[in-house]
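Structure record follows, encoded as structure tokens.
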Amino acid sequence: MRKNFADSGAVKKTPVRRGMLIVISGPSGTGKGTLCDRLIKTDENITFSVSATTRRPRETEKDGVHYHFLTNDQFDKLLQEDNFLEYAVVHDHRYGTPKKPVLEALEQGKDILLDIDTQGALSVMEQIKDCVSIFILPPTFSSLRSRLHTRNTDDEAEIRKRLNNARDEIEKYVHYDYALINDELESAFQRLESIIASERIRTLRFHPEIPE
Ligand code: ADP
Ligand code: 5GP
């Protein structure tokens, strides 16, 4: 009788799987943070990459959890010491992805999630070719405006700036593997989980050890 693939000895042992890097971008207010928080809570194999930023914390944000909140001097020092995988100026502030935790997670076979802007994402895509990139779109432009108001974390001038930048950001969706419209939260989250489940079993991430 023909043995199935797993019994055949073609796969000697479970291979050490390299972690998967997931990059999420989208205009401010589209729901990236909401989707990312939920993903981290429901999928224990995904770690969130905590970025450094020079912007001030919002009332609900904790240092070291949502961001590492830094002064300009502290950010400069990390930059000079080559500690960032990428960094960019977004909405007039600097944001950067610490390099070491990302590379360590990938080595340890953990998936790591980056919520970063399009400039940073394009740089990461160049450096880590097998990353999965997902662009989160709002259902309409007016829903973006109302979500920014409902979130109630930014003043009018800041909201205006973020909406102005949104148009340029949205144009960049073509560079991403997936475009996910965050219309109804529950269904958008399910689609996000499906993307990740499918990406995990892509042949390019499968490294069986085939005996001689
Ligand atoms: P981003 O991280 O992209 O700036 P947030 O996750 O902070 O966006 O979401 C902005 C606001 O929109 C929040 O108040 C959040 O609760 C709300 N929100 C997120 N997803 C949805 C959705 N699918 N429908 C309605 N409101 C949403
Ligand atoms: P916010 O101020 O709303 O938290 O984030 C503003 C923008 O900065 C979002 O588009 C977010 O994805 C992006 N961002 C957050 N961290 C990083 C980072 O480390 N690098 C880059 N390039 N962008 C980031």
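Every chain in the structure tokens has a letter given in the order shown (A, B, ...), and although residue numbers restart at 1 in each chain, ligands are simply numbered from 1 in the order shown.
All residues of protein, DNA or RNA that reach within 7 Å of Val50 (chain A), judged by only C-alpha atoms and not counting those fewer than 6 positions away in the chain, are Gly64, Val65, His66, Tyr67 and His68 of chain A.
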Margin query: To check your reading of the model: which residues sit at most 8 Å from ligand 2 when counting only C-alpha atoms and all ligand atoms? Write the answer as a PyMOL selection string.
Written below: chain A and resi 24-29+32+50-53+55+67+86-91+94-98+114-121
Notebook entry, point to check: Between A:Ala157, A:Val132, A:Val174, A:Cys36, which is the closest to Arg202 (chain A) once you count only C-alpha atoms?
Noted result: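 Checking each of A:Ala157, A:Val132, A:Val174, A:Cys36 against Arg202 (chain A), counting only C-alpha atoms, the winner is A:Val132.
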Find the residues of chain A that sit at most 7 Å from ligand 1; for each, write down the nearest two atoms and how far apart they are in Å, to one decimal. Count only C-alpha atoms and all ligand atoms. Sort by chain, then by number going up, and give it as a tab-separated table.
```
residue	atom	partner	partner_atom_place_in_ligand_line	distance
A:Gly26	CA	ligand 1	3 (O)	6.3
A:Pro27	CA	ligand 1	3 (O)	6.1
A:Ser28	CA	ligand 1	4 (O)	3.8
A:Gly29	CA	ligand 1	4 (O)	3.6
A:Thr30	CA	ligand 1	3 (O)	4.0
A:Gly31	CA	ligand 1	6 (O)	3.3
A:Lys32	CA	ligand 1	3 (O)	3.7
A:Gly33	CA	ligand 1	2 (O)	3.5
A:Thr34	CA	ligand 1	6 (O)	3.7
A:Leu35	CA	ligand 1	6 (O)	6.5
A:Arg147	CA	ligand 1	12 (O)	4.2
A:Leu148	CA	ligand 1	10 (C)	5.7
A:Thr150	CA	ligand 1	14 (O)	5.3
A:Arg151	CA	ligand 1	14 (O)	3.6
A:Asn182	CA	ligand 1	23 (N)	4.9
A:Asp183	CA	ligand 1	23 (N)	4.8
A:Glu184	CA	ligand 1	23 (N)	4.4
A:Leu185	CA	ligand 1	23 (N)	3.5
A:Ala188	CA	ligand 1	23 (N)	7.0
```
Grab the residues selected above and save them as a tab-separated table (two decimals), in the first residue's frame with all heavy atoms.
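Heads up, here's the output in out_33.tsv:
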```tsv
chain	number	residue	atom	x	y	z
A	26	GLY	N	-1.79	51.52	6.30
A	26	GLY	CA	-3.08	52.07	5.90
A	26	GLY	C	-3.19	53.46	6.49
A	26	GLY	O	-2.45	53.80	7.43
A	27	PRO	N	-4.09	54.26	5.98
A	27	PRO	CA	-4.19	55.63	6.48
A	27	PRO	C	-4.63	55.67	7.94
A	27	PRO	O	-5.26	54.73	8.42
A	27	PRO	CB	-5.26	56.26	5.57
A	27	PRO	CG	-6.05	55.11	5.06
A	27	PRO	CD	-5.10	53.96	4.95
A	28	SER	N	-4.29	56.75	8.61
A	28	SER	CA	-4.63	56.91	10.01
A	28	SER	C	-6.16	56.84	10.19
A	28	SER	O	-6.90	57.48	9.45
A	28	SER	CB	-4.11	58.27	10.49
A	28	SER	OG	-4.31	58.41	11.86
A	29	GLY	N	-6.61	56.04	11.13
A	29	GLY	CA	-8.04	55.92	11.41
A	29	GLY	C	-8.71	54.77	10.68
A	29	GLY	O	-9.90	54.51	10.88
A	30	THR	N	-7.96	54.04	9.88
A	30	THR	CA	-8.58	52.97	9.09
A	30	THR	C	-8.84	51.71	9.93
A	30	THR	O	-9.59	50.83	9.53
A	30	THR	CB	-7.70	52.64	7.85
A	30	THR	OG1	-8.44	51.90	6.92
A	30	THR	CG2	-6.46	51.84	8.22
A	31	GLY	N	-8.20	51.64	11.11
A	31	GLY	CA	-8.46	50.50	12.01
A	31	GLY	C	-7.29	49.55	12.15
A	31	GLY	O	-7.47	48.43	12.64
A	32	LYS	N	-6.09	49.98	11.79
A	32	LYS	CA	-4.90	49.11	11.90
A	32	LYS	C	-4.67	48.67	13.36
A	32	LYS	O	-4.50	47.49	13.62
A	32	LYS	CB	-3.63	49.83	11.42
A	32	LYS	CG	-3.67	50.34	10.02
A	32	LYS	CD	-2.38	51.05	9.64
A	32	LYS	CE	-2.10	52.30	10.45
A	32	LYS	NZ	-3.08	53.40	10.29
A	33	GLY	N	-4.68	49.65	14.26
A	33	GLY	CA	-4.41	49.35	15.66
A	33	GLY	C	-5.45	48.39	16.23
A	33	GLY	O	-5.10	47.45	16.95
A	34	THR	N	-6.70	48.62	15.87
A	34	THR	CA	-7.80	47.76	16.37
A	34	THR	C	-7.59	46.33	15.89
A	34	THR	O	-7.68	45.38	16.67
A	34	THR	CB	-9.14	48.31	15.82
A	34	THR	OG1	-9.23	49.70	16.15
A	34	THR	CG2	-10.32	47.57	16.40
A	35	LEU	N	-7.29	46.16	14.61
A	35	LEU	CA	-7.09	44.82	14.05
A	35	LEU	C	-5.83	44.16	14.62
A	35	LEU	O	-5.83	42.99	14.96
A	35	LEU	CB	-7.03	44.89	12.52
A	35	LEU	CG	-8.37	45.22	11.83
A	35	LEU	CD1	-8.13	45.66	10.38
A	35	LEU	CD2	-9.31	44.02	11.86
A	147	ARG	N	-14.13	58.02	11.81
A	147	ARG	CA	-13.39	57.17	12.77
A	147	ARG	C	-12.35	57.99	13.53
A	147	ARG	O	-12.12	57.77	14.72
A	147	ARG	CB	-12.72	56.00	12.06
A	147	ARG	CG	-13.73	54.92	11.69
A	147	ARG	CD	-13.10	53.76	10.96
A	147	ARG	NE	-14.15	52.93	10.37
A	147	ARG	CZ	-13.96	51.83	9.66
A	147	ARG	NH1	-12.73	51.41	9.43
A	147	ARG	NH2	-14.96	51.15	9.17
A	148	LEU	N	-11.71	58.92	12.83
A	148	LEU	CA	-10.71	59.75	13.52
A	148	LEU	C	-11.39	60.62	14.58
A	148	LEU	O	-10.84	60.84	15.66
A	148	LEU	CB	-9.95	60.62	12.51
A	148	LEU	CG	-8.86	59.88	11.71
A	148	LEU	CD1	-8.32	60.75	10.59
A	148	LEU	CD2	-7.71	59.44	12.63
A	150	THR	N	-14.32	59.86	16.10
A	150	THR	CA	-14.82	58.97	17.17
A	150	THR	C	-13.68	58.53	18.09
A	150	THR	O	-13.87	58.40	19.30
A	150	THR	CB	-15.45	57.68	16.56
A	150	THR	OG1	-16.30	58.07	15.50
A	150	THR	CG2	-16.23	56.89	17.59
A	151	ARG	N	-12.51	58.30	17.52
A	151	ARG	CA	-11.37	57.87	18.36
A	151	ARG	C	-11.03	58.92	19.40
A	151	ARG	O	-10.59	58.61	20.50
A	151	ARG	CB	-10.16	57.56	17.47
A	151	ARG	CG	-9.02	56.96	18.24
A	151	ARG	CD	-7.94	56.42	17.35
A	151	ARG	NE	-7.17	57.49	16.72
A	151	ARG	CZ	-6.23	57.29	15.79
A	151	ARG	NH1	-5.95	56.07	15.38
A	151	ARG	NH2	-5.56	58.30	15.27
A	182	ASN	N	-11.55	47.41	5.71
A	182	ASN	CA	-12.06	47.26	7.07
A	182	ASN	C	-13.45	47.91	7.14
A	182	ASN	O	-13.61	49.01	7.63
A	182	ASN	CB	-11.10	47.90	8.07
A	182	ASN	CG	-11.58	47.75	9.51
A	182	ASN	OD1	-12.45	46.93	9.81
A	182	ASN	ND2	-11.02	48.54	10.40
A	183	ASP	N	-14.43	47.19	6.60
A	183	ASP	CA	-15.82	47.69	6.62
A	183	ASP	C	-16.45	47.30	7.95
A	183	ASP	O	-16.48	48.07	8.89
A	183	ASP	CB	-16.61	47.18	5.41
A	183	ASP	CG	-16.22	45.75	5.01
A	183	ASP	OD1	-15.72	45.01	5.88
A	183	ASP	OD2	-16.43	45.38	3.86
A	184	GLU	N	-16.91	46.05	8.01
A	184	GLU	CA	-17.49	45.57	9.28
A	184	GLU	C	-16.36	44.85	10.02
A	184	GLU	O	-15.69	43.97	9.46
A	184	GLU	CB	-18.67	44.65	8.94
A	184	GLU	CG	-19.65	44.46	10.07
A	184	GLU	CD	-19.20	43.31	10.94
A	184	GLU	OE1	-18.84	42.25	10.40
A	184	GLU	OE2	-19.17	43.50	12.18
A	185	LEU	N	-16.14	45.25	11.27
A	185	LEU	CA	-14.92	44.80	11.98
A	185	LEU	C	-14.80	43.28	12.06
A	185	LEU	O	-13.73	42.72	11.78
A	185	LEU	CB	-14.89	45.43	13.38
A	185	LEU	CG	-13.63	45.13	14.20
A	185	LEU	CD1	-12.37	45.61	13.51
A	185	LEU	CD2	-13.74	45.78	15.59
A	188	ALA	N	-13.93	41.81	8.70
A	188	ALA	CA	-12.57	42.21	8.29
A	188	ALA	C	-11.54	41.41	9.07
A	188	ALA	O	-10.53	40.95	8.51
A	188	ALA	CB	-12.37	43.71	8.52
```
Note to self: Quick one: residues within 7 Å of Asp111 (chain A), only C-alpha atoms, excluding same-chain residues fewer than 4 positions away - as a PyMOL selection string?
What the structure shows: chain A and resi 19-21+45-47+105-106
List every residue of region 85-194 of chain A that DSSP, applied to the backbone, labels as strand (DSSP E), and write the result as a PDB file with all heavy atoms, in the first residue's frame.
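Written out: out.pdb:
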```
ATOM      1  N   LEU A  85      15.502  48.920  11.805  1.00  0.00           N
ATOM      2  CA  LEU A  85      15.331  48.182  10.551  1.00  0.00           C
ATOM      3  C   LEU A  85      14.904  49.167   9.461  1.00  0.00           C
ATOM      4  O   LEU A  85      15.291  49.069   8.303  1.00  0.00           O
ATOM      5  CB  LEU A  85      14.244  47.116  10.769  1.00  0.00           C
ATOM      6  CG  LEU A  85      13.897  46.176   9.641  1.00  0.00           C
ATOM      7  CD1 LEU A  85      15.084  45.278   9.302  1.00  0.00           C
ATOM      8  CD2 LEU A  85      12.699  45.296  10.027  1.00  0.00           C
ATOM      9  N   GLU A  86      14.076  50.128   9.854  1.00  0.00           N
ATOM     10  CA  GLU A  86      13.628  51.219   8.980  1.00  0.00           C
ATOM     11  C   GLU A  86      13.162  52.342   9.887  1.00  0.00           C
ATOM     12  O   GLU A  86      12.835  52.110  11.044  1.00  0.00           O
ATOM     13  CB  GLU A  86      12.492  50.766   8.056  1.00  0.00           C
ATOM     14  CG  GLU A  86      11.204  50.315   8.754  1.00  0.00           C
ATOM     15  CD  GLU A  86      10.390  51.409   9.394  1.00  0.00           C
ATOM     16  OE1 GLU A  86      10.324  52.510   8.824  1.00  0.00           O
ATOM     17  OE2 GLU A  86       9.834  51.190  10.478  1.00  0.00           O
ATOM     18  N   TYR A  87      13.127  53.543   9.347  1.00  0.00           N
ATOM     19  CA  TYR A  87      12.489  54.640  10.078  1.00  0.00           C
ATOM     20  C   TYR A  87      11.970  55.650   9.070  1.00  0.00           C
ATOM     21  O   TYR A  87      12.391  55.666   7.912  1.00  0.00           O
ATOM     22  CB  TYR A  87      13.461  55.294  11.083  1.00  0.00           C
ATOM     23  CG  TYR A  87      14.439  56.244  10.445  1.00  0.00           C
ATOM     24  CD1 TYR A  87      14.224  57.618  10.467  1.00  0.00           C
ATOM     25  CD2 TYR A  87      15.554  55.758   9.775  1.00  0.00           C
ATOM     26  CE1 TYR A  87      15.104  58.480   9.838  1.00  0.00           C
ATOM     27  CE2 TYR A  87      16.438  56.615   9.153  1.00  0.00           C
ATOM     28  CZ  TYR A  87      16.198  57.974   9.196  1.00  0.00           C
ATOM     29  OH  TYR A  87      17.058  58.824   8.564  1.00  0.00           O
ATOM     30  N   ALA A  88      11.007  56.464   9.497  1.00  0.00           N
ATOM     31  CA  ALA A  88      10.435  57.460   8.579  1.00  0.00           C
ATOM     32  C   ALA A  88       9.831  58.610   9.381  1.00  0.00           C
ATOM     33  O   ALA A  88       9.536  58.461  10.570  1.00  0.00           O
ATOM     34  CB  ALA A  88       9.348  56.796   7.726  1.00  0.00           C
ATOM     35  N   VAL A  89       9.658  59.724   8.678  1.00  0.00           N
ATOM     36  CA  VAL A  89       8.918  60.851   9.264  1.00  0.00           C
ATOM     37  C   VAL A  89       7.472  60.705   8.794  1.00  0.00           C
ATOM     38  O   VAL A  89       7.205  60.614   7.597  1.00  0.00           O
ATOM     39  CB  VAL A  89       9.506  62.199   8.796  1.00  0.00           C
ATOM     40  CG1 VAL A  89       8.653  63.364   9.313  1.00  0.00           C
ATOM     41  CG2 VAL A  89      10.948  62.341   9.267  1.00  0.00           C
ATOM     42  N   VAL A  90       6.558  60.613   9.767  1.00  0.00           N
ATOM     43  CA  VAL A  90       5.132  60.450   9.445  1.00  0.00           C
ATOM     44  C   VAL A  90       4.345  61.485  10.247  1.00  0.00           C
ATOM     45  O   VAL A  90       4.525  61.575  11.466  1.00  0.00           O
ATOM     46  CB  VAL A  90       4.620  59.031   9.821  1.00  0.00           C
ATOM     47  CG1 VAL A  90       3.246  58.771   9.205  1.00  0.00           C
ATOM     48  CG2 VAL A  90       5.601  57.939   9.420  1.00  0.00           C
ATOM     49  N   HIS A  93       6.334  63.546  12.715  1.00  0.00           N
ATOM     50  CA  HIS A  93       7.104  62.929  13.805  1.00  0.00           C
ATOM     51  C   HIS A  93       7.913  61.773  13.255  1.00  0.00           C
ATOM     52  O   HIS A  93       7.593  61.241  12.194  1.00  0.00           O
ATOM     53  CB  HIS A  93       6.169  62.419  14.904  1.00  0.00           C
ATOM     54  CG  HIS A  93       5.381  63.498  15.551  1.00  0.00           C
ATOM     55  ND1 HIS A  93       5.941  64.424  16.403  1.00  0.00           N
ATOM     56  CD2 HIS A  93       4.077  63.826  15.452  1.00  0.00           C
ATOM     57  CE1 HIS A  93       5.022  65.268  16.801  1.00  0.00           C
ATOM     58  NE2 HIS A  93       3.871  64.932  16.230  1.00  0.00           N
ATOM     59  N   ARG A  94       8.953  61.386  14.024  1.00  0.00           N
ATOM     60  CA  ARG A  94       9.764  60.252  13.568  1.00  0.00           C
ATOM     61  C   ARG A  94       9.293  58.954  14.222  1.00  0.00           C
ATOM     62  O   ARG A  94       8.941  58.937  15.406  1.00  0.00           O
ATOM     63  CB  ARG A  94      11.241  60.504  13.881  1.00  0.00           C
ATOM     64  CG  ARG A  94      11.810  61.567  12.953  1.00  0.00           C
ATOM     65  CD  ARG A  94      13.294  61.646  13.073  1.00  0.00           C
ATOM     66  NE  ARG A  94      13.697  62.197  14.363  1.00  0.00           N
ATOM     67  CZ  ARG A  94      14.963  62.256  14.766  1.00  0.00           C
ATOM     68  NH1 ARG A  94      15.933  61.789  14.002  1.00  0.00           N
ATOM     69  NH2 ARG A  94      15.258  62.785  15.934  1.00  0.00           N
ATOM     70  N   TYR A  95       9.301  57.899  13.420  1.00  0.00           N
ATOM     71  CA  TYR A  95       8.904  56.567  13.882  1.00  0.00           C
ATOM     72  C   TYR A  95       9.935  55.582  13.339  1.00  0.00           C
ATOM     73  O   TYR A  95      10.368  55.705  12.199  1.00  0.00           O
ATOM     74  CB  TYR A  95       7.540  56.153  13.295  1.00  0.00           C
ATOM     75  CG  TYR A  95       6.348  56.992  13.709  1.00  0.00           C
ATOM     76  CD1 TYR A  95       6.083  58.214  13.097  1.00  0.00           C
ATOM     77  CD2 TYR A  95       5.475  56.536  14.681  1.00  0.00           C
ATOM     78  CE1 TYR A  95       4.974  58.966  13.469  1.00  0.00           C
ATOM     79  CE2 TYR A  95       4.355  57.286  15.049  1.00  0.00           C
ATOM     80  CZ  TYR A  95       4.114  58.499  14.443  1.00  0.00           C
ATOM     81  OH  TYR A  95       3.018  59.243  14.787  1.00  0.00           O
ATOM     82  N   GLY A  96      10.299  54.587  14.152  1.00  0.00           N
ATOM     83  CA  GLY A  96      11.266  53.595  13.662  1.00  0.00           C
ATOM     84  C   GLY A  96      11.008  52.221  14.260  1.00  0.00           C
ATOM     85  O   GLY A  96      10.530  52.092  15.388  1.00  0.00           O
ATOM     86  N   THR A  97      11.349  51.196  13.478  1.00  0.00           N
ATOM     87  CA  THR A  97      11.202  49.799  13.929  1.00  0.00           C
ATOM     88  C   THR A  97      12.523  49.308  14.496  1.00  0.00           C
ATOM     89  O   THR A  97      13.510  49.209  13.751  1.00  0.00           O
ATOM     90  CB  THR A  97      10.835  48.894  12.728  1.00  0.00           C
ATOM     91  OG1 THR A  97       9.658  49.401  12.115  1.00  0.00           O
ATOM     92  CG2 THR A  97      10.620  47.452  13.161  1.00  0.00           C
ATOM     93  N   PRO A  98      12.580  49.006  15.803  1.00  0.00           N
ATOM     94  CA  PRO A  98      13.826  48.450  16.354  1.00  0.00           C
ATOM     95  C   PRO A  98      14.190  47.141  15.642  1.00  0.00           C
ATOM     96  O   PRO A  98      13.337  46.267  15.464  1.00  0.00           O
ATOM     97  CB  PRO A  98      13.486  48.221  17.833  1.00  0.00           C
ATOM     98  CG  PRO A  98      12.349  49.150  18.115  1.00  0.00           C
ATOM     99  CD  PRO A  98      11.558  49.205  16.841  1.00  0.00           C
ATOM    100  N   ASP A 111       6.162  34.635  14.506  1.00  0.00           N
ATOM    101  CA  ASP A 111       5.695  35.606  13.529  1.00  0.00           C
ATOM    102  C   ASP A 111       5.667  36.978  14.194  1.00  0.00           C
ATOM    103  O   ASP A 111       5.346  37.094  15.373  1.00  0.00           O
ATOM    104  CB  ASP A 111       4.296  35.217  13.032  1.00  0.00           C
ATOM    105  CG  ASP A 111       4.319  33.858  12.349  1.00  0.00           C
ATOM    106  OD1 ASP A 111       5.413  33.463  11.879  1.00  0.00           O
ATOM    107  OD2 ASP A 111       3.274  33.204  12.285  1.00  0.00           O
ATOM    108  N   ILE A 112       6.008  37.988  13.425  1.00  0.00           N
ATOM    109  CA  ILE A 112       6.066  39.328  14.017  1.00  0.00           C
ATOM    110  C   ILE A 112       5.296  40.322  13.152  1.00  0.00           C
ATOM    111  O   ILE A 112       5.367  40.288  11.928  1.00  0.00           O
ATOM    112  CB  ILE A 112       7.530  39.753  14.312  1.00  0.00           C
ATOM    113  CG1 ILE A 112       7.547  41.100  15.028  1.00  0.00           C
ATOM    114  CG2 ILE A 112       8.393  39.800  13.064  1.00  0.00           C
ATOM    115  CD1 ILE A 112       8.684  41.271  15.991  1.00  0.00           C
ATOM    116  N   LEU A 113       4.548  41.174  13.841  1.00  0.00           N
ATOM    117  CA  LEU A 113       3.606  42.076  13.182  1.00  0.00           C
ATOM    118  C   LEU A 113       4.082  43.525  13.292  1.00  0.00           C
ATOM    119  O   LEU A 113       4.345  44.013  14.391  1.00  0.00           O
ATOM    120  CB  LEU A 113       2.253  41.919  13.886  1.00  0.00           C
ATOM    121  CG  LEU A 113       1.080  42.782  13.471  1.00  0.00           C
ATOM    122  CD1 LEU A 113       0.698  42.506  12.021  1.00  0.00           C
ATOM    123  CD2 LEU A 113      -0.120  42.484  14.376  1.00  0.00           C
ATOM    124  N   LEU A 114       4.192  44.195  12.140  1.00  0.00           N
ATOM    125  CA  LEU A 114       4.609  45.599  12.121  1.00  0.00           C
ATOM    126  C   LEU A 114       3.451  46.464  11.635  1.00  0.00           C
ATOM    127  O   LEU A 114       2.912  46.215  10.551  1.00  0.00           O
ATOM    128  CB  LEU A 114       5.780  45.791  11.149  1.00  0.00           C
ATOM    129  CG  LEU A 114       7.207  45.527  11.621  1.00  0.00           C
ATOM    130  CD1 LEU A 114       7.407  44.106  12.091  1.00  0.00           C
ATOM    131  CD2 LEU A 114       8.196  45.840  10.510  1.00  0.00           C
ATOM    132  N   ASP A 115       3.074  47.470  12.414  1.00  0.00           N
ATOM    133  CA  ASP A 115       2.081  48.469  11.975  1.00  0.00           C
ATOM    134  C   ASP A 115       2.900  49.711  11.646  1.00  0.00           C
ATOM    135  O   ASP A 115       3.276  50.467  12.545  1.00  0.00           O
ATOM    136  CB  ASP A 115       1.087  48.694  13.125  1.00  0.00           C
ATOM    137  CG  ASP A 115       0.169  49.890  12.922  1.00  0.00           C
ATOM    138  OD1 ASP A 115       0.379  50.696  11.984  1.00  0.00           O
ATOM    139  OD2 ASP A 115      -0.771  50.049  13.721  1.00  0.00           O
ATOM    140  N   VAL A 132       4.873  39.296   4.471  1.00  0.00           N
ATOM    141  CA  VAL A 132       3.490  39.387   3.980  1.00  0.00           C
ATOM    142  C   VAL A 132       3.041  40.821   4.216  1.00  0.00           C
ATOM    143  O   VAL A 132       3.134  41.319   5.336  1.00  0.00           O
ATOM    144  CB  VAL A 132       2.555  38.465   4.802  1.00  0.00           C
ATOM    145  CG1 VAL A 132       1.142  38.525   4.245  1.00  0.00           C
ATOM    146  CG2 VAL A 132       3.078  37.058   4.831  1.00  0.00           C
ATOM    147  N   SER A 133       2.574  41.487   3.178  1.00  0.00           N
ATOM    148  CA  SER A 133       2.193  42.887   3.346  1.00  0.00           C
ATOM    149  C   SER A 133       0.693  43.066   3.102  1.00  0.00           C
ATOM    150  O   SER A 133       0.145  42.560   2.125  1.00  0.00           O
ATOM    151  CB  SER A 133       3.014  43.768   2.411  1.00  0.00           C
ATOM    152  OG  SER A 133       2.905  43.324   1.079  1.00  0.00           O
ATOM    153  N   ILE A 134       0.069  43.769   4.029  1.00  0.00           N
ATOM    154  CA  ILE A 134      -1.391  43.937   3.980  1.00  0.00           C
ATOM    155  C   ILE A 134      -1.720  45.416   4.125  1.00  0.00           C
ATOM    156  O   ILE A 134      -1.280  46.064   5.078  1.00  0.00           O
ATOM    157  CB  ILE A 134      -2.071  43.143   5.124  1.00  0.00           C
ATOM    158  CG1 ILE A 134      -1.605  41.671   5.117  1.00  0.00           C
ATOM    159  CG2 ILE A 134      -3.598  43.238   5.021  1.00  0.00           C
ATOM    160  CD1 ILE A 134      -2.001  40.880   6.362  1.00  0.00           C
ATOM    161  N   PHE A 135      -2.495  45.934   3.175  1.00  0.00           N
ATOM    162  CA  PHE A 135      -2.894  47.339   3.246  1.00  0.00           C
ATOM    163  C   PHE A 135      -4.354  47.395   3.700  1.00  0.00           C
ATOM    164  O   PHE A 135      -5.220  46.754   3.097  1.00  0.00           O
ATOM    165  CB  PHE A 135      -2.735  48.009   1.876  1.00  0.00           C
ATOM    166  CG  PHE A 135      -2.770  49.504   1.965  1.00  0.00           C
ATOM    167  CD1 PHE A 135      -1.608  50.225   2.166  1.00  0.00           C
ATOM    168  CD2 PHE A 135      -3.984  50.189   1.874  1.00  0.00           C
ATOM    169  CE1 PHE A 135      -1.642  51.618   2.279  1.00  0.00           C
ATOM    170  CE2 PHE A 135      -4.023  51.576   1.981  1.00  0.00           C
ATOM    171  CZ  PHE A 135      -2.844  52.289   2.183  1.00  0.00           C
ATOM    172  N   ILE A 136      -4.613  48.133   4.768  1.00  0.00           N
ATOM    173  CA  ILE A 136      -5.976  48.226   5.305  1.00  0.00           C
ATOM    174  C   ILE A 136      -6.641  49.499   4.780  1.00  0.00           C
ATOM    175  O   ILE A 136      -6.157  50.606   5.016  1.00  0.00           O
ATOM    176  CB  ILE A 136      -5.978  48.270   6.859  1.00  0.00           C
ATOM    177  CG1 ILE A 136      -5.051  47.213   7.469  1.00  0.00           C
ATOM    178  CG2 ILE A 136      -7.411  48.158   7.396  1.00  0.00           C
ATOM    179  CD1 ILE A 136      -5.535  45.808   7.455  1.00  0.00           C
ATOM    180  N   LEU A 137      -7.735  49.304   4.056  1.00  0.00           N
ATOM    181  CA  LEU A 137      -8.461  50.443   3.471  1.00  0.00           C
ATOM    182  C   LEU A 137      -9.761  50.704   4.243  1.00  0.00           C
ATOM    183  O   LEU A 137     -10.403  49.757   4.698  1.00  0.00           O
ATOM    184  CB  LEU A 137      -8.829  50.129   2.020  1.00  0.00           C
ATOM    185  CG  LEU A 137      -7.656  50.117   1.036  1.00  0.00           C
ATOM    186  CD1 LEU A 137      -7.930  49.159  -0.106  1.00  0.00           C
ATOM    187  CD2 LEU A 137      -7.402  51.521   0.515  1.00  0.00           C
ATOM    188  N   TYR A 178      -1.852  42.239  -0.184  1.00  0.00           N
ATOM    189  CA  TYR A 178      -3.301  42.176   0.047  1.00  0.00           C
ATOM    190  C   TYR A 178      -3.863  43.565   0.318  1.00  0.00           C
ATOM    191  O   TYR A 178      -3.206  44.386   0.963  1.00  0.00           O
ATOM    192  CB  TYR A 178      -3.621  41.299   1.278  1.00  0.00           C
ATOM    193  CG  TYR A 178      -3.182  39.868   1.117  1.00  0.00           C
ATOM    194  CD1 TYR A 178      -1.914  39.458   1.546  1.00  0.00           C
ATOM    195  CD2 TYR A 178      -4.020  38.919   0.538  1.00  0.00           C
ATOM    196  CE1 TYR A 178      -1.504  38.136   1.394  1.00  0.00           C
ATOM    197  CE2 TYR A 178      -3.614  37.606   0.381  1.00  0.00           C
ATOM    198  CZ  TYR A 178      -2.355  37.227   0.804  1.00  0.00           C
ATOM    199  OH  TYR A 178      -1.952  35.929   0.646  1.00  0.00           O
ATOM    200  N   ALA A 179      -5.091  43.779  -0.168  1.00  0.00           N
ATOM    201  CA  ALA A 179      -5.841  44.998   0.164  1.00  0.00           C
ATOM    202  C   ALA A 179      -7.068  44.548   0.944  1.00  0.00           C
ATOM    203  O   ALA A 179      -7.899  43.809   0.419  1.00  0.00           O
ATOM    204  CB  ALA A 179      -6.257  45.718  -1.107  1.00  0.00           C
ATOM    205  N   LEU A 180      -7.134  44.952   2.196  1.00  0.00           N
ATOM    206  CA  LEU A 180      -8.222  44.493   3.069  1.00  0.00           C
ATOM    207  C   LEU A 180      -9.085  45.695   3.439  1.00  0.00           C
ATOM    208  O   LEU A 180      -8.588  46.659   4.032  1.00  0.00           O
ATOM    209  CB  LEU A 180      -7.612  43.858   4.329  1.00  0.00           C
ATOM    210  CG  LEU A 180      -8.566  43.360   5.393  1.00  0.00           C
ATOM    211  CD1 LEU A 180      -9.346  42.145   4.893  1.00  0.00           C
ATOM    212  CD2 LEU A 180      -7.791  42.965   6.644  1.00  0.00           C
ATOM    213  N   ILE A 181     -10.357  45.635   3.067  1.00  0.00           N
ATOM    214  CA  ILE A 181     -11.252  46.751   3.414  1.00  0.00           C
ATOM    215  C   ILE A 181     -11.840  46.496   4.799  1.00  0.00           C
ATOM    216  O   ILE A 181     -12.503  45.485   5.017  1.00  0.00           O
ATOM    217  CB  ILE A 181     -12.362  46.921   2.346  1.00  0.00           C
ATOM    218  CG1 ILE A 181     -11.727  47.216   0.992  1.00  0.00           C
ATOM    219  CG2 ILE A 181     -13.326  48.054   2.747  1.00  0.00           C
ATOM    220  CD1 ILE A 181     -12.704  47.315  -0.160  1.00  0.00           C
TER     221      ILE A 181
END
```
Notebook entry, point to check: By how many Å are CA of Arg162 (chain A) and CA of Ser187 (chain A) apart?
Noted result: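 That distance, rounded to one decimal, is 25.7 Å.
CA of Thr60 (chain A) is positioned 15.6 Å from CA of His149 (chain A).
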Next item on the list: Kindly indicate which residue among A:Pro138, A:Arg18, A:Asn164, A:Arg191 lies nearest to Gly109 (chain A), using only C-alpha atoms for the distances.
Entry: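 For Gly109 (chain A), the nearest of the candidates is A:Arg18.
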Notebook entry, point to check: Could you pull out the helix (DSSP H, G or I) residues of region 74-184 of chain A from DSSP and send them as a PyMOL selection string?
Noted result: chain A and resi 74-80+99-107+118-127+141-151+156-175
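For the pair CA of Lys77 (chain A) and CA of Thr54 (chain A), the separation is 12.5 Å.
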